[in-house]
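Participant: Contents are mmCIF, C-alpha atoms and all ligand atoms; file name protein.cif:
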data_target
#
loop_
_atom_site.group_PDB
_atom_site.id
_atom_site.type_symbol
_atom_site.label_atom_id
_atom_site.label_comp_id
_atom_site.auth_asym_id
_atom_site.auth_seq_id
_atom_site.Cartn_x
_atom_site.Cartn_y
_atom_site.Cartn_z
ATOM 1 C CA MET A 1 129.385 76.641 45.830
ATOM 2 C CA PRO A 2 131.968 74.943 48.043
ATOM 3 C CA PRO A 3 130.997 74.445 51.691
ATOM 4 C CA LYS A 4 131.884 77.259 54.067
ATOM 5 C CA GLN A 5 133.949 76.248 57.082
ATOM 6 C CA ARG A 6 132.452 77.594 60.295
ATOM 7 C CA LYS A 7 133.415 77.051 63.915
ATOM 8 C CA ILE A 8 130.981 77.635 66.778
ATOM 9 C CA ALA A 9 131.733 77.450 70.514
ATOM 10 C CA ILE A 10 129.026 76.285 72.924
ATOM 11 C CA MET A 11 129.389 77.840 76.345
ATOM 12 C CA GLY A 12 127.467 78.013 79.602
ATOM 13 C CA PHE A 13 127.341 76.880 83.218
ATOM 14 C CA ARG A 14 127.925 73.224 84.151
ATOM 15 C CA SER A 15 125.253 70.711 83.336
ATOM 16 C CA VAL A 16 122.994 72.988 81.276
ATOM 17 C CA GLY A 17 123.098 70.524 78.380
ATOM 18 C CA LYS A 18 125.883 71.777 76.094
ATOM 19 C CA SER A 19 127.079 68.250 75.283
ATOM 20 C CA SER A 20 123.533 66.930 75.001
ATOM 21 C CA LEU A 21 122.604 69.604 72.447
ATOM 22 C CA SER A 22 125.761 68.902 70.433
ATOM 23 C CA ILE A 23 125.272 65.122 70.509
ATOM 24 C CA GLN A 24 121.588 65.436 69.633
ATOM 25 C CA PHE A 25 122.433 67.636 66.636
ATOM 26 C CA VAL A 26 125.409 65.627 65.396
ATOM 27 C CA GLU A 27 124.412 62.063 66.286
ATOM 28 C CA GLY A 28 120.652 62.324 66.726
ATOM 29 C CA GLN A 29 120.588 60.777 70.176
ATOM 30 C CA PHE A 30 120.137 61.773 73.819
ATOM 31 C CA VAL A 31 122.118 60.233 76.660
ATOM 32 C CA ASP A 32 120.635 60.693 80.120
ATOM 33 C CA SER A 33 123.860 60.164 82.049
ATOM 34 C CA TYR A 34 126.005 63.107 83.064
ATOM 35 C CA ASP A 35 129.671 63.126 82.171
ATOM 36 C CA PRO A 36 131.330 66.540 82.635
ATOM 37 C CA THR A 37 133.103 67.710 79.494
ATOM 38 C CA ILE A 38 136.707 68.837 79.328
ATOM 39 C CA GLU A 39 136.507 69.753 75.668
ATOM 40 C CA ASN A 40 135.098 68.055 72.640
ATOM 41 C CA THR A 41 134.881 68.992 68.990
ATOM 42 C CA PHE A 42 132.153 67.685 66.721
ATOM 43 C CA THR A 43 131.968 68.053 62.967
ATOM 44 C CA LYS A 44 128.811 68.086 60.895
ATOM 45 C CA SER A 45 127.899 69.029 57.369
ATOM 46 C CA THR A 46 124.709 70.988 57.108
ATOM 47 C CA ARG A 47 122.871 73.196 54.656
ATOM 48 C CA VAL A 48 121.114 76.492 55.344
ATOM 49 C CA ASN A 49 119.523 78.710 52.677
ATOM 50 C CA SER A 50 121.063 76.602 49.859
ATOM 51 C CA GLN A 51 124.543 77.058 51.296
ATOM 52 C CA ASP A 52 126.548 74.043 52.473
ATOM 53 C CA TYR A 53 128.528 74.345 55.658
ATOM 54 C CA GLU A 54 131.243 72.257 57.237
ATOM 55 C CA LEU A 55 130.449 73.034 60.842
ATOM 56 C CA LYS A 56 132.800 72.476 63.753
ATOM 57 C CA LEU A 57 131.161 72.589 67.181
ATOM 58 C CA VAL A 58 133.421 73.153 70.145
ATOM 59 C CA ASP A 59 131.706 71.776 73.246
ATOM 60 C CA THR A 60 133.485 73.568 76.082
ATOM 61 C CA ALA A 61 133.959 72.680 79.746
ATOM 62 C CA GLY A 62 131.225 74.229 81.929
ATOM 63 C CA GLN A 63 132.061 77.712 83.156
ATOM 64 C CA ASP A 64 131.145 79.493 86.356
ATOM 65 C CA GLU A 65 131.169 83.107 87.453
ATOM 66 C CA TYR A 66 134.848 82.853 88.433
ATOM 67 C CA SER A 67 136.153 81.252 85.237
ATOM 68 C CA ILE A 68 138.585 83.273 83.217
ATOM 69 C CA PHE A 69 137.336 83.407 79.647
ATOM 70 C CA PRO A 70 139.440 80.769 77.867
ATOM 71 C CA ALA A 71 141.650 82.452 75.269
ATOM 72 C CA GLN A 72 141.341 79.508 72.862
ATOM 73 C CA TYR A 73 137.666 80.389 72.376
ATOM 74 C CA LEU A 74 138.498 83.808 71.016
ATOM 75 C CA MET A 75 140.646 82.777 68.061
ATOM 76 C CA ASP A 76 139.094 81.413 64.912
ATOM 77 C CA ILE A 77 135.595 81.051 66.388
ATOM 78 C CA HIS A 78 132.915 82.528 64.136
ATOM 79 C CA GLY A 79 130.004 82.487 66.559
ATOM 80 C CA TYR A 80 128.772 81.411 69.978
ATOM 81 C CA VAL A 81 125.888 79.429 71.379
ATOM 82 C CA LEU A 82 125.405 80.520 74.989
ATOM 83 C CA VAL A 83 123.287 78.047 76.947
ATOM 84 C CA TYR A 84 121.424 78.183 80.244
ATOM 85 C CA SER A 85 118.890 75.772 81.684
ATOM 86 C CA ILE A 86 115.357 77.108 82.164
ATOM 87 C CA THR A 87 115.392 75.222 85.501
ATOM 88 C CA SER A 88 118.416 77.081 86.883
ATOM 89 C CA SER A 89 118.563 80.763 87.842
ATOM 90 C CA LYS A 90 122.237 80.320 88.554
ATOM 91 C CA SER A 91 122.886 79.221 84.966
ATOM 92 C CA PHE A 92 120.986 82.304 83.749
ATOM 93 C CA GLU A 93 123.251 84.543 85.863
ATOM 94 C CA VAL A 94 126.373 82.756 84.662
ATOM 95 C CA VAL A 95 125.443 83.096 80.991
ATOM 96 C CA GLN A 96 125.315 86.881 81.461
ATOM 97 C CA ILE A 97 128.750 86.895 83.058
ATOM 98 C CA ILE A 98 130.133 84.791 80.199
ATOM 99 C CA TYR A 99 128.609 87.244 77.707
ATOM 100 C CA GLU A 100 130.242 90.227 79.412
ATOM 101 C CA LYS A 101 133.623 88.520 79.509
ATOM 102 C CA LEU A 102 133.277 87.493 75.871
ATOM 103 C CA LEU A 103 132.626 91.063 74.754
ATOM 104 C CA ASP A 104 135.381 92.356 76.963
ATOM 105 C CA MET A 105 137.906 89.883 75.586
ATOM 106 C CA THR A 106 137.009 90.224 71.904
ATOM 107 C CA GLY A 107 136.793 94.011 72.192
ATOM 108 C CA LYS A 108 133.901 93.895 69.742
ATOM 109 C CA VAL A 109 130.529 95.543 70.219
ATOM 110 C CA HIS A 110 128.701 92.767 68.430
ATOM 111 C CA VAL A 111 129.482 89.078 68.248
ATOM 112 C CA PRO A 112 127.217 86.498 66.528
ATOM 113 C CA ILE A 113 125.396 84.812 69.416
ATOM 114 C CA VAL A 114 122.427 82.540 69.925
ATOM 115 C CA LEU A 115 121.116 82.486 73.490
ATOM 116 C CA VAL A 116 119.515 79.125 74.320
ATOM 117 C CA GLY A 117 117.247 78.198 77.218
ATOM 118 C CA ASN A 118 117.574 74.393 77.334
ATOM 119 C CA LYS A 119 115.543 71.672 79.111
ATOM 120 C CA THR A 120 112.063 72.957 78.186
ATOM 121 C CA ASP A 121 110.738 69.415 78.806
ATOM 122 C CA LEU A 122 111.212 70.100 82.542
ATOM 123 C CA HIS A 123 108.395 72.659 82.567
ATOM 124 C CA MET A 124 107.391 71.846 86.174
ATOM 125 C CA GLU A 125 110.838 72.992 87.287
ATOM 126 C CA ARG A 126 110.954 76.149 85.186
ATOM 127 C CA MET A 127 112.654 79.103 86.927
ATOM 128 C CA ILE A 128 113.319 81.380 83.953
ATOM 129 C CA SER A 129 110.411 82.488 81.779
ATOM 130 C CA SER A 130 110.633 82.697 77.993
ATOM 131 C CA GLU A 131 110.133 86.458 78.295
ATOM 132 C CA GLU A 132 113.191 86.827 80.541
ATOM 133 C CA GLY A 133 115.299 84.884 78.069
ATOM 134 C CA LYS A 134 114.005 86.866 75.112
ATOM 135 C CA ARG A 135 114.563 90.174 76.910
ATOM 136 C CA LEU A 136 118.173 89.269 77.655
ATOM 137 C CA ALA A 137 118.841 88.205 74.056
ATOM 138 C CA ASP A 138 117.238 91.415 72.768
ATOM 139 C CA SER A 139 119.495 93.483 75.016
ATOM 140 C CA TRP A 140 122.453 91.723 73.353
ATOM 141 C CA LYS A 141 120.924 91.993 69.843
ATOM 142 C CA ALA A 142 121.316 88.219 69.761
ATOM 143 C CA ALA A 143 119.003 85.463 68.582
ATOM 144 C CA PHE A 144 117.002 83.526 71.191
ATOM 145 C CA LEU A 145 115.601 80.009 71.277
ATOM 146 C CA GLU A 146 114.274 77.635 73.873
ATOM 147 C CA ALA A 147 115.109 73.987 73.274
ATOM 148 C CA SER A 148 115.089 70.491 74.664
ATOM 149 C CA ALA A 149 118.048 68.257 73.891
ATOM 150 C CA LYS A 150 116.065 65.410 75.427
ATOM 151 C CA GLN A 151 113.048 65.799 73.148
ATOM 152 C CA ASN A 152 115.066 67.047 70.181
ATOM 153 C CA GLU A 153 113.095 70.266 70.147
ATOM 154 C CA SER A 154 114.579 73.221 68.249
ATOM 155 C CA VAL A 155 118.040 71.641 68.391
ATOM 156 C CA ALA A 156 118.868 71.917 64.663
ATOM 157 C CA ASP A 157 117.352 75.426 64.754
ATOM 158 C CA ILE A 158 120.009 76.521 67.229
ATOM 159 C CA PHE A 159 122.892 75.745 64.916
ATOM 160 C CA HIS A 160 121.151 76.935 61.769
ATOM 161 C CA THR A 161 120.310 80.202 63.524
ATOM 162 C CA ALA A 162 123.933 80.528 64.651
ATOM 163 C CA LEU A 163 125.092 80.118 61.034
ATOM 164 C CA LEU A 164 122.635 82.811 59.942
ATOM 165 C CA GLU A 165 123.815 85.130 62.727
ATOM 166 C CA ILE A 166 127.368 84.671 61.441
ATOM 167 C CA GLU A 167 126.252 85.488 57.892
ATOM 168 C CA LYS A 168 124.433 88.561 59.198
ATOM 169 C CA ALA A 169 127.538 89.753 61.023
ATOM 170 C CA ASN A 170 129.449 89.355 57.746
ATOM 171 C CA GLY A 171 126.846 91.500 56.011
ATOM 172 C CA ASN A 172 125.602 88.590 53.896
ATOM 173 C CA VAL A 173 121.949 88.574 54.900
ATOM 174 C CA GLN A 174 119.503 91.299 54.084
ATOM 175 C CA GLU A 175 117.546 92.063 57.227
ATOM 176 C CA LYS A 176 113.893 92.785 56.768
ATOM 177 C CA SER A 177 113.373 96.439 57.345
ATOM 178 C CA ASN A 178 110.234 98.086 58.631
ATOM 179 C CA CYS A 179 111.570 101.400 57.561
ATOM 180 C CA ILE A 180 109.355 103.269 55.149
ATOM 181 C CA ILE A 181 111.126 105.764 52.978
ATOM 182 C CA SER A 182 108.782 108.506 51.930
HETATM 183 N N1 LIG A 201 115.425 66.741 81.033
HETATM 184 C C1 LIG A 201 116.471 67.152 80.324
HETATM 185 N N2 LIG A 201 117.716 66.853 80.722
HETATM 186 C C2 LIG A 201 118.740 67.287 79.976
HETATM 187 C C3 LIG A 201 118.568 68.036 78.782
HETATM 188 N N3 LIG A 201 119.781 68.344 78.270
HETATM 189 C C4 LIG A 201 120.683 67.778 79.098
HETATM 190 N N4 LIG A 201 120.073 67.134 80.121
HETATM 191 C C5 LIG A 201 120.709 66.404 81.226
HETATM 192 O O1 LIG A 201 121.476 67.322 81.999
HETATM 193 C C6 LIG A 201 122.689 66.710 82.432
HETATM 194 C C7 LIG A 201 123.884 67.517 81.932
HETATM 195 O O2 LIG A 201 123.929 67.453 80.520
HETATM 196 P P1 LIG A 201 125.270 67.717 79.693
HETATM 197 O O3 LIG A 201 124.892 67.731 78.260
HETATM 198 O O4 LIG A 201 126.360 66.820 80.128
HETATM 199 O O5 LIG A 201 125.593 69.192 80.210
HETATM 200 P P2 LIG A 201 126.910 70.082 79.909
HETATM 201 O O6 LIG A 201 126.420 71.485 79.863
HETATM 202 O O7 LIG A 201 127.606 69.577 78.706
HETATM 203 O O8 LIG A 201 127.761 69.821 81.225
HETATM 204 P P3 LIG A 201 129.339 70.186 81.494
HETATM 205 O O9 LIG A 201 130.129 69.344 80.574
HETATM 206 O O10 LIG A 201 129.573 69.878 82.929
HETATM 207 O O11 LIG A 201 129.501 71.636 81.257
HETATM 208 C C8 LIG A 201 122.681 65.264 81.881
HETATM 209 O O12 LIG A 201 122.185 64.415 82.887
HETATM 210 C C9 LIG A 201 121.714 65.362 80.716
HETATM 211 O O13 LIG A 201 121.080 64.123 80.470
HETATM 212 C C10 LIG A 201 117.213 68.339 78.378
HETATM 213 O O14 LIG A 201 116.928 68.991 77.356
HETATM 214 N N5 LIG A 201 116.215 67.880 79.195
#
Represent the structure of the file as structure tokens.
Ligand SMILES: Nc1nc2c(ncn2[C@@H]2O[C@H](COP(=O)(O)OP(=O)(O)OP(=O)(O)O)[C@@H](O)[C@H]2O)c(=O)[nH]1
Facilitator:
Amino acid sequence: MPPKQRKIAIMGFRSVGKSSLSIQFVEGQFVDSYDPTIENTFTKSTRVNSQDYELKLVDTAGQDEYSIFPAQYLMDIHGYVLVYSITSSKSFEVVQIIYEKLLDMTGKVHVPIVLVGNKTDLHMERMISSEEGKRLADSWKAAFLEASAKQNESVADIFHTALLEIEKANGNVQEKSNCIIS
């Protein structure tokens, strides 16, 4: 089967690690310095469930609660990775505002999303519990992961999960059902 072309936007408050997650996934390295992003696109070939993908990652400029949702991230984007830092309550608030704007702008009730709590290596500075993150993702019917770009923990999982969420939204994945038909 030919590779599927998929484009994923990574959004979230400033400095939560959007670029670091992208660079870790695409280049396999972590850079400790902080260089605010304007916009960057990365390309990577990857394979999930025997399907090849040509994945484009759009690493966006950090957003805040006042940002207008950028119109260029509505067109031809298949799914979203929304990132907060587990060390920042502010970033957790902002990710919810971004989500609301995203739904408002797309006019859809469901958009393929992976919610990511990054920087799990900074456990002494944790402000947002895993349960809070999971609860938020559940309320969106989105996938949830905690990750560390620094320690390369769950980084590939994020993008593989995003690809699966996109497949699910397209009706291509059978969800396990607990439903018993009698
Ligand atoms: N300890 C730790 N630091 C991280 C992690 N991910 C990113 N950082 C650091 O956090 C800072 C911001 O990271 P970036 O990847 O530039 O964050 P960003 O979200 O792309 O920032 P903007 O471009 O401003 O939106 C940098 O100093 C990174 O080294 C992580 O998993 N653990």
Participant: Around ligand LIG 201 (chain A), which protein and nucleic acid residues have at least one atom no more than 9 Å from it, if we count all atoms listed in the file? List them as a short mmCIF file (atom, residue, chain, number, x, y, z; two decimals) with C-alpha atoms, keeping the file's coordinate frame.
Facilitator:
data_model
loop_
_atom_site.label_atom_id
_atom_site.label_comp_id
_atom_site.auth_asym_id
_atom_site.auth_seq_id
_atom_site.Cartn_x
_atom_site.Cartn_y
_atom_site.Cartn_z
CA ILE A 10 129.03 76.28 72.92
CA MET A 11 129.39 77.84 76.34
CA GLY A 12 127.47 78.01 79.60
CA PHE A 13 127.34 76.88 83.22
CA ARG A 14 127.92 73.22 84.15
CA SER A 15 125.25 70.71 83.34
CA VAL A 16 122.99 72.99 81.28
CA GLY A 17 123.10 70.52 78.38
CA LYS A 18 125.88 71.78 76.09
CA SER A 19 127.08 68.25 75.28
CA SER A 20 123.53 66.93 75.00
CA LEU A 21 122.60 69.60 72.45
CA SER A 22 125.76 68.90 70.43
CA ILE A 23 125.27 65.12 70.51
CA PHE A 30 120.14 61.77 73.82
CA VAL A 31 122.12 60.23 76.66
CA ASP A 32 120.64 60.69 80.12
CA SER A 33 123.86 60.16 82.05
CA TYR A 34 126.00 63.11 83.06
CA ASP A 35 129.67 63.13 82.17
CA PRO A 36 131.33 66.54 82.64
CA THR A 37 133.10 67.71 79.49
CA ILE A 38 136.71 68.84 79.33
CA GLU A 39 136.51 69.75 75.67
CA ASP A 59 131.71 71.78 73.25
CA THR A 60 133.49 73.57 76.08
CA ALA A 61 133.96 72.68 79.75
CA GLY A 62 131.22 74.23 81.93
CA GLN A 63 132.06 77.71 83.16
CA VAL A 83 123.29 78.05 76.95
CA TYR A 84 121.42 78.18 80.24
CA SER A 85 118.89 75.77 81.68
CA ASN A 118 117.57 74.39 77.33
CA LYS A 119 115.54 71.67 79.11
CA THR A 120 112.06 72.96 78.19
CA ASP A 121 110.74 69.42 78.81
CA LEU A 122 111.21 70.10 82.54
CA ALA A 147 115.11 73.99 73.27
CA SER A 148 115.09 70.49 74.66
CA ALA A 149 118.05 68.26 73.89
CA LYS A 150 116.06 65.41 75.43
CA GLN A 151 113.05 65.80 73.15
CA ASN A 152 115.07 67.05 70.18
CA GLU A 153 113.10 70.27 70.15
#
Participant: Could you tell me which residues the PyMOL selection byres (((chain A and resi 9) around 6) and not hetatm) grabs in this file, written as a list in words?
Facilitator: Ile8, Ile10, Leu57, Val58 and Tyr80 of chain A
Participant: Which residues come within 12 Å of Leu55 of chain A, counting only C-alpha atoms, excluding same-chain residues fewer than 2 positions away, as a ChimeraX atom specification?
Facilitator: /A:3-9,22,25-26,41-48,51-53,57-58,77-79,159-160,162-163
Participant: Give me the residues within 10 Å of segment 129-132 of chain A as a PyMOL selection string, counting all atoms listed in the file and dropping any in the same chain fewer than 2 places off.
Facilitator: chain A and resi 86-87+92+117+120+126-127+134-138+144-146
Participant: Please write the residues from the selection above to a file, keeping C-alpha atoms, as a PDB file, in the frame of the given file.
Facilitator:
ATOM      1  CA  ILE A  86     115.357  77.108  82.164  1.00  0.00           C
ATOM      2  CA  THR A  87     115.392  75.222  85.501  1.00  0.00           C
ATOM      3  CA  PHE A  92     120.986  82.304  83.749  1.00  0.00           C
ATOM      4  CA  GLY A 117     117.247  78.198  77.218  1.00  0.00           C
ATOM      5  CA  THR A 120     112.063  72.957  78.186  1.00  0.00           C
ATOM      6  CA  ARG A 126     110.954  76.149  85.186  1.00  0.00           C
ATOM      7  CA  MET A 127     112.654  79.103  86.927  1.00  0.00           C
ATOM      8  CA  LYS A 134     114.005  86.866  75.112  1.00  0.00           C
ATOM      9  CA  ARG A 135     114.563  90.174  76.910  1.00  0.00           C
ATOM     10  CA  LEU A 136     118.173  89.269  77.655  1.00  0.00           C
ATOM     11  CA  ALA A 137     118.841  88.205  74.056  1.00  0.00           C
ATOM     12  CA  ASP A 138     117.238  91.415  72.768  1.00  0.00           C
ATOM     13  CA  PHE A 144     117.002  83.526  71.191  1.00  0.00           C
ATOM     14  CA  LEU A 145     115.601  80.009  71.277  1.00  0.00           C
ATOM     15  CA  GLU A 146     114.274  77.635  73.873  1.00  0.00           C
TER      16      GLU A 146
END
Participant: Excluding Ile158 of chain A and any residue of its chain fewer than 3 positions from it, enumerate the residues within 8 Å of it, using all atoms listed in the file, and give them as number ranges by chain.
Facilitator: A: 81, 114, 116, 145, 154-155, 161-162
Participant: Residue by residue, what does the PyMOL selection byres (((chain A and resi 71) around 12) and not hetatm) grab here? Present the result as an MDAnalysis selection string.
Facilitator: chainID A and resid 67:70 72:77 101:102 104:106
Participant: If you measure from atom CA of Trp140 of chain A to atom CA of Leu82 of chain A, what distance in Å do you get, rounded to one decimal?
Facilitator: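 Pair atom CA of Trp140 of chain A / atom CA of Leu82 of chain A returns 11.7 Å.
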Participant: May I ask for the distance between atom CA of Pro112 of chain A and atom CA of Glu165 of chain A, given in Å to one decimal place?
Facilitator: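 Atom CA of Pro112 of chain A sits 5.3 Å away from atom CA of Glu165 of chain A.
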Participant: Counting only C-alpha atoms, which residue out of A:Tyr99, A:Ser88, A:Ile166, A:Ala156 sits closest to Ile128 of chain A?
Facilitator: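 Closest residue, counting only C-alpha atoms: A:Ser88.
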